[in-house]
Amino acid sequence: MTIARRRFLTGVAALASAPLALPAQTFAPVMEPQVVALRHPLPPGEVHVFPDHFRLYWTLPEGRAWVYPIRVGRDDLYEAGEFYVGAKKEWPSWMPTPGMIEREPEIYSQYAEDGMEGGPGNPLGARALYLFQEGRGDTFLRIHGTNDPNSIGRAVSNGCAGLTNAHIVKLYDQVPLNTRVILYPKMGSSAFTAG
């Protein structure tokens, strides 16, 4: 492991253990996106997901960031790591992964052949940012919308980070292709896959 990579992973662990925003935020299930001052400055133009706080930060210059409430992947379906936005789609179509079909065939097998066209009832919601990694390509992880605002603030998805449809529309317009995305490990997890 290179020294730079070790420093990066050490920094990730430190950031993951403490909330980023000043003043200390209360983590209500739903809130409106807002600009906050960061306790630990991050490079501007990046997405940082803190799963234990159910928050996504879109970083800005001068140590500030937009903060969005999110839901995250449940149990071991959440995958920490470094990614980049490899594709963006409005009202994306959706196809369950083989793992989703294997875990819950009663829910997902009906969509195995044709998936679902984009639209209000689609699980990816109004917009989706597709997460890729170097050498791996599409990871099948997404930052996407949801029609279920009650799921925000919970670990309930099949691995993706979800925002309300209104919030993902705003974030989608802010985040360009090739944006760096960091999904921090859940507390107590030593798993981190750097791309």
# chains A, B, ... in the order shown; residues from 1 in each chain; ligands from 1

$ select_by_dssp --residues "segment 81-177 of chain A" --states "helix (DSSP H, G or I)" --output "JSON, numbers by chain"
{"A": [98, 99, 100, 101, 102, 103, 105, 106, 107, 108, 109, 110, 111, 149, 150, 151, 165, 166, 167, 168, 169, 170, 171, 172, 173, 174]}

$ write_last_selection --atoms "N, CA and C atoms" --output "PDB file, in the first residue's frame"
ATOM      1  N   PRO A  98     -28.812  -9.383 -10.507  1.00  0.00           N
ATOM      2  CA  PRO A  98     -28.959 -10.811 -10.168  1.00  0.00           C
ATOM      3  C   PRO A  98     -29.000 -11.046  -8.656  1.00  0.00           C
ATOM      4  N   GLY A  99     -28.206 -10.274  -7.895  1.00  0.00           N
ATOM      5  CA  GLY A  99     -28.218 -10.420  -6.441  1.00  0.00           C
ATOM      6  C   GLY A  99     -29.566 -10.071  -5.833  1.00  0.00           C
ATOM      7  N   MET A 100     -30.225  -9.045  -6.357  1.00  0.00           N
ATOM      8  CA  MET A 100     -31.550  -8.668  -5.862  1.00  0.00           C
ATOM      9  C   MET A 100     -32.552  -9.786  -6.133  1.00  0.00           C
ATOM     10  N   ILE A 101     -32.494 -10.354  -7.324  1.00  0.00           N
ATOM     11  CA  ILE A 101     -33.417 -11.436  -7.686  1.00  0.00           C
ATOM     12  C   ILE A 101     -33.165 -12.658  -6.814  1.00  0.00           C
ATOM     13  N   GLU A 102     -31.901 -12.954  -6.554  1.00  0.00           N
ATOM     14  CA  GLU A 102     -31.567 -14.110  -5.713  1.00  0.00           C
ATOM     15  C   GLU A 102     -32.036 -13.912  -4.272  1.00  0.00           C
ATOM     16  N   ARG A 103     -31.855 -12.708  -3.731  1.00  0.00           N
ATOM     17  CA  ARG A 103     -32.245 -12.431  -2.341  1.00  0.00           C
ATOM     18  C   ARG A 103     -33.750 -12.391  -2.146  1.00  0.00           C
ATOM     19  N   PRO A 105     -36.660 -13.146  -4.696  1.00  0.00           N
ATOM     20  CA  PRO A 105     -37.276 -13.472  -5.987  1.00  0.00           C
ATOM     21  C   PRO A 105     -38.760 -13.116  -6.049  1.00  0.00           C
ATOM     22  N   GLU A 106     -39.434 -13.157  -4.905  1.00  0.00           N
ATOM     23  CA  GLU A 106     -40.867 -12.861  -4.885  1.00  0.00           C
ATOM     24  C   GLU A 106     -41.145 -11.399  -5.272  1.00  0.00           C
ATOM     25  N   ILE A 107     -40.175 -10.531  -5.059  1.00  0.00           N
ATOM     26  CA  ILE A 107     -40.340  -9.115  -5.404  1.00  0.00           C
ATOM     27  C   ILE A 107     -39.772  -8.804  -6.782  1.00  0.00           C
ATOM     28  N   TYR A 108     -38.583  -9.335  -7.089  1.00  0.00           N
ATOM     29  CA  TYR A 108     -37.832  -8.864  -8.248  1.00  0.00           C
ATOM     30  C   TYR A 108     -37.854  -9.746  -9.485  1.00  0.00           C
ATOM     31  N   SER A 109     -38.218 -11.020  -9.372  1.00  0.00           N
ATOM     32  CA  SER A 109     -38.144 -11.898 -10.548  1.00  0.00           C
ATOM     33  C   SER A 109     -39.085 -11.463 -11.668  1.00  0.00           C
ATOM     34  N   GLN A 110     -40.175 -10.809 -11.345  1.00  0.00           N
ATOM     35  CA  GLN A 110     -41.106 -10.340 -12.386  1.00  0.00           C
ATOM     36  C   GLN A 110     -40.484  -9.290 -13.298  1.00  0.00           C
ATOM     37  N   TYR A 111     -39.381  -8.658 -12.846  1.00  0.00           N
ATOM     38  CA  TYR A 111     -38.706  -7.632 -13.642  1.00  0.00           C
ATOM     39  C   TYR A 111     -37.402  -8.134 -14.264  1.00  0.00           C
ATOM     40  N   PRO A 149     -40.543   9.031   0.858  1.00  0.00           N
ATOM     41  CA  PRO A 149     -39.787   9.905   1.762  1.00  0.00           C
ATOM     42  C   PRO A 149     -39.625   9.319   3.162  1.00  0.00           C
ATOM     43  N   ASN A 150     -40.482   8.362   3.551  1.00  0.00           N
ATOM     44  CA  ASN A 150     -40.341   7.730   4.864  1.00  0.00           C
ATOM     45  C   ASN A 150     -39.098   6.865   4.969  1.00  0.00           C
ATOM     46  N   SER A 151     -38.474   6.534   3.830  1.00  0.00           N
ATOM     47  CA  SER A 151     -37.256   5.720   3.866  1.00  0.00           C
ATOM     48  C   SER A 151     -36.006   6.564   4.112  1.00  0.00           C
ATOM     49  N   ASN A 165     -37.323  12.550  -4.549  1.00  0.00           N
ATOM     50  CA  ASN A 165     -37.272  12.944  -5.959  1.00  0.00           C
ATOM     51  C   ASN A 165     -36.974  14.428  -6.125  1.00  0.00           C
ATOM     52  N   ALA A 166     -37.555  15.276  -5.280  1.00  0.00           N
ATOM     53  CA  ALA A 166     -37.282  16.712  -5.377  1.00  0.00           C
ATOM     54  C   ALA A 166     -35.813  17.008  -5.128  1.00  0.00           C
ATOM     55  N   HIS A 167     -35.210  16.305  -4.174  1.00  0.00           N
ATOM     56  CA  HIS A 167     -33.803  16.547  -3.843  1.00  0.00           C
ATOM     57  C   HIS A 167     -32.861  16.018  -4.917  1.00  0.00           C
ATOM     58  N   ILE A 168     -33.165  14.847  -5.486  1.00  0.00           N
ATOM     59  CA  ILE A 168     -32.260  14.311  -6.514  1.00  0.00           C
ATOM     60  C   ILE A 168     -32.292  15.184  -7.765  1.00  0.00           C
ATOM     61  N   VAL A 169     -33.424  15.800  -8.074  1.00  0.00           N
ATOM     62  CA  VAL A 169     -33.477  16.710  -9.224  1.00  0.00           C
ATOM     63  C   VAL A 169     -32.501  17.869  -9.006  1.00  0.00           C
ATOM     64  N   LYS A 170     -32.470  18.413  -7.801  1.00  0.00           N
ATOM     65  CA  LYS A 170     -31.551  19.514  -7.486  1.00  0.00           C
ATOM     66  C   LYS A 170     -30.098  19.038  -7.542  1.00  0.00           C
ATOM     67  N   LEU A 171     -29.793  17.917  -6.902  1.00  0.00           N
ATOM     68  CA  LEU A 171     -28.426  17.395  -6.887  1.00  0.00           C
ATOM     69  C   LEU A 171     -27.955  17.038  -8.297  1.00  0.00           C
ATOM     70  N   TYR A 172     -28.824  16.441  -9.081  1.00  0.00           N
ATOM     71  CA  TYR A 172     -28.504  16.037 -10.456  1.00  0.00           C
ATOM     72  C   TYR A 172     -28.019  17.234 -11.268  1.00  0.00           C
ATOM     73  N   ASP A 173     -28.664  18.367 -11.096  1.00  0.00           N
ATOM     74  CA  ASP A 173     -28.268  19.571 -11.825  1.00  0.00           C
ATOM     75  C   ASP A 173     -26.934  20.135 -11.333  1.00  0.00           C
ATOM     76  N   GLN A 174     -26.546  19.837 -10.087  1.00  0.00           N
ATOM     77  CA  GLN A 174     -25.306  20.361  -9.525  1.00  0.00           C
ATOM     78  C   GLN A 174     -24.092  19.521  -9.909  1.00  0.00           C
TER      79      GLN A 174
END

$ closest_residue --among "A:Lys186, A:Arg142, A:Lys89, A:Arg55" --to "Arg74 of chain A" --atoms "only C-alpha atoms"
A:Lys186

$ residues_around --residues "Pro120 of chain A" --least-positions-apart "2" --cutoff "8 Å" --atoms "only C-alpha atoms" --output "mmCIF file with N, CA, C and O atoms, in the first residue's frame"
data_model
loop_
_atom_site.group_PDB
_atom_site.id
_atom_site.type_symbol
_atom_site.label_atom_id
_atom_site.label_comp_id
_atom_site.auth_asym_id
_atom_site.auth_seq_id
_atom_site.Cartn_x
_atom_site.Cartn_y
_atom_site.Cartn_z
ATOM 1 N N TRP A 91 -35.255 10.237 -15.317
ATOM 2 C CA TRP A 91 -36.290 9.208 -15.336
ATOM 3 C C TRP A 91 -35.718 7.904 -15.910
ATOM 4 O O TRP A 91 -36.157 7.399 -16.934
ATOM 5 N N GLY A 118 -38.666 4.050 -17.181
ATOM 6 C CA GLY A 118 -38.594 5.201 -16.305
ATOM 7 C C GLY A 118 -39.960 5.825 -16.109
ATOM 8 O O GLY A 118 -40.834 5.726 -16.957
ATOM 9 N N ASN A 122 -41.045 4.107 -10.896
ATOM 10 C CA ASN A 122 -39.772 3.407 -11.032
ATOM 11 C C ASN A 122 -38.945 3.524 -9.749
ATOM 12 O O ASN A 122 -38.869 4.603 -9.164
ATOM 13 N N GLY A 125 -36.518 6.482 -9.349
ATOM 14 C CA GLY A 125 -37.073 7.820 -9.211
ATOM 15 C C GLY A 125 -36.797 8.735 -10.386
ATOM 16 O O GLY A 125 -36.596 8.294 -11.516
ATOM 17 N N ALA A 126 -36.765 10.035 -10.096
ATOM 18 C CA ALA A 126 -36.718 11.064 -11.131
ATOM 19 C C ALA A 126 -35.357 11.205 -11.807
ATOM 20 O O ALA A 126 -35.278 11.608 -12.961
ATOM 21 N N ASN A 147 -39.638 7.541 -4.300
ATOM 22 C CA ASN A 147 -40.999 8.027 -4.052
ATOM 23 C C ASN A 147 -41.416 7.838 -2.598
ATOM 24 O O ASN A 147 -42.529 8.173 -2.236
#

$ residues_around --residues "Val49 of chain A" --least-positions-apart "6" --cutoff "12 Å" --atoms "only C-alpha atoms" --output "ChimeraX atom specification"
/A:12,15-16,19-20,55-59,66-73,78-83,142-143,160-163,180-186

$ residues_around --residues "Val35 of chain A" --least-positions-apart "2" --cutoff "9 Å" --atoms "only C-alpha atoms" --output "number ranges by chain"
A: 33, 37, 60, 64-67

$ atom_distance --atom1 "atom CA of Pro96 of chain A" --atom2 "atom CA of Tyr84 of chain A"
21.4 Å

$ select_by_dssp --residues "chain A" --states "strand (DSSP E or B)" --output "MDAnalysis selection string"
chainID A and resid 21:22 34:38 47:50 55:60 64:69 71:73 81:90 94 116 127:133 137:146 155:157 161:164 180:183 193

$ write_last_selection --atoms "C-alpha atoms" --output "CSV table (one decimal), in the first residue's frame"
chain,number,residue,atom,x,y,z
A,21,ALA,CA,-21.5,20.2,9.5
A,22,LEU,CA,-21.3,23.2,11.8
A,34,GLN,CA,-29.1,23.5,2.9
A,35,VAL,CA,-25.6,25.0,2.6
A,36,VAL,CA,-23.4,24.4,5.7
A,37,ALA,CA,-19.9,25.2,6.8
A,38,LEU,CA,-17.7,22.2,7.1
A,47,VAL,CA,-19.9,14.0,-3.3
A,48,HIS,CA,-19.3,12.6,0.1
A,49,VAL,CA,-21.8,10.1,1.7
A,50,PHE,CA,-21.8,9.5,5.4
A,55,ARG,CA,-26.3,12.6,4.9
A,56,LEU,CA,-24.8,13.4,1.4
A,57,TYR,CA,-22.5,16.4,1.0
A,58,TRP,CA,-22.0,18.2,-2.4
A,59,THR,CA,-18.8,20.2,-1.6
A,60,LEU,CA,-18.4,23.9,-2.5
A,64,ARG,CA,-18.9,24.9,2.5
A,65,ALA,CA,-21.3,22.2,1.1
A,66,TRP,CA,-24.8,21.5,0.2
A,67,VAL,CA,-26.1,18.8,2.6
A,68,TYR,CA,-28.9,16.4,1.7
A,69,PRO,CA,-30.8,13.8,3.8
A,71,ARG,CA,-31.3,6.6,2.8
A,72,VAL,CA,-28.5,4.0,2.4
A,73,GLY,CA,-28.0,0.3,1.8
A,81,GLY,CA,-15.3,3.1,-1.5
A,82,GLU,CA,-14.2,5.8,-4.0
A,83,PHE,CA,-16.2,6.1,-7.2
A,84,TYR,CA,-16.9,8.6,-10.0
A,85,VAL,CA,-20.1,9.6,-11.7
A,86,GLY,CA,-19.9,7.6,-15.0
A,87,ALA,CA,-23.4,8.3,-16.3
A,88,LYS,CA,-26.4,10.5,-15.4
A,89,LYS,CA,-30.0,9.7,-16.4
A,90,GLU,CA,-33.3,11.5,-16.1
A,94,TRP,CA,-34.5,0.0,-14.0
A,116,MET,CA,-39.2,-1.2,-15.7
A,127,ARG,CA,-32.9,11.1,-11.6
A,128,ALA,CA,-29.9,8.8,-11.1
A,129,LEU,CA,-26.2,9.2,-10.9
A,130,TYR,CA,-24.4,6.0,-11.9
A,131,LEU,CA,-21.3,5.1,-9.8
A,132,PHE,CA,-18.3,3.7,-11.6
A,133,GLN,CA,-14.8,2.6,-10.5
A,137,GLY,CA,-16.7,0.1,-14.7
A,138,ASP,CA,-20.4,0.3,-13.7
A,139,THR,CA,-20.7,-0.9,-10.1
A,140,PHE,CA,-24.5,-1.0,-10.3
A,141,LEU,CA,-24.6,1.4,-7.3
A,142,ARG,CA,-26.6,4.6,-7.8
A,143,ILE,CA,-27.4,7.8,-6.1
A,144,HIS,CA,-31.1,8.1,-7.1
A,145,GLY,CA,-34.5,9.4,-6.3
A,146,THR,CA,-37.2,7.6,-4.3
A,155,ALA,CA,-30.7,1.8,6.0
A,156,VAL,CA,-33.2,0.1,3.7
A,157,SER,CA,-32.0,0.0,0.1
A,161,ALA,CA,-28.0,6.1,-1.7
A,162,GLY,CA,-31.5,7.5,-2.2
A,163,LEU,CA,-32.9,11.1,-1.9
A,164,THR,CA,-36.4,12.3,-2.3
A,180,ARG,CA,-15.5,12.0,-7.5
A,181,VAL,CA,-17.8,10.3,-5.0
A,182,ILE,CA,-16.7,8.9,-1.6
A,183,LEU,CA,-19.0,6.5,0.2
A,193,THR,CA,-12.6,-0.3,-1.3
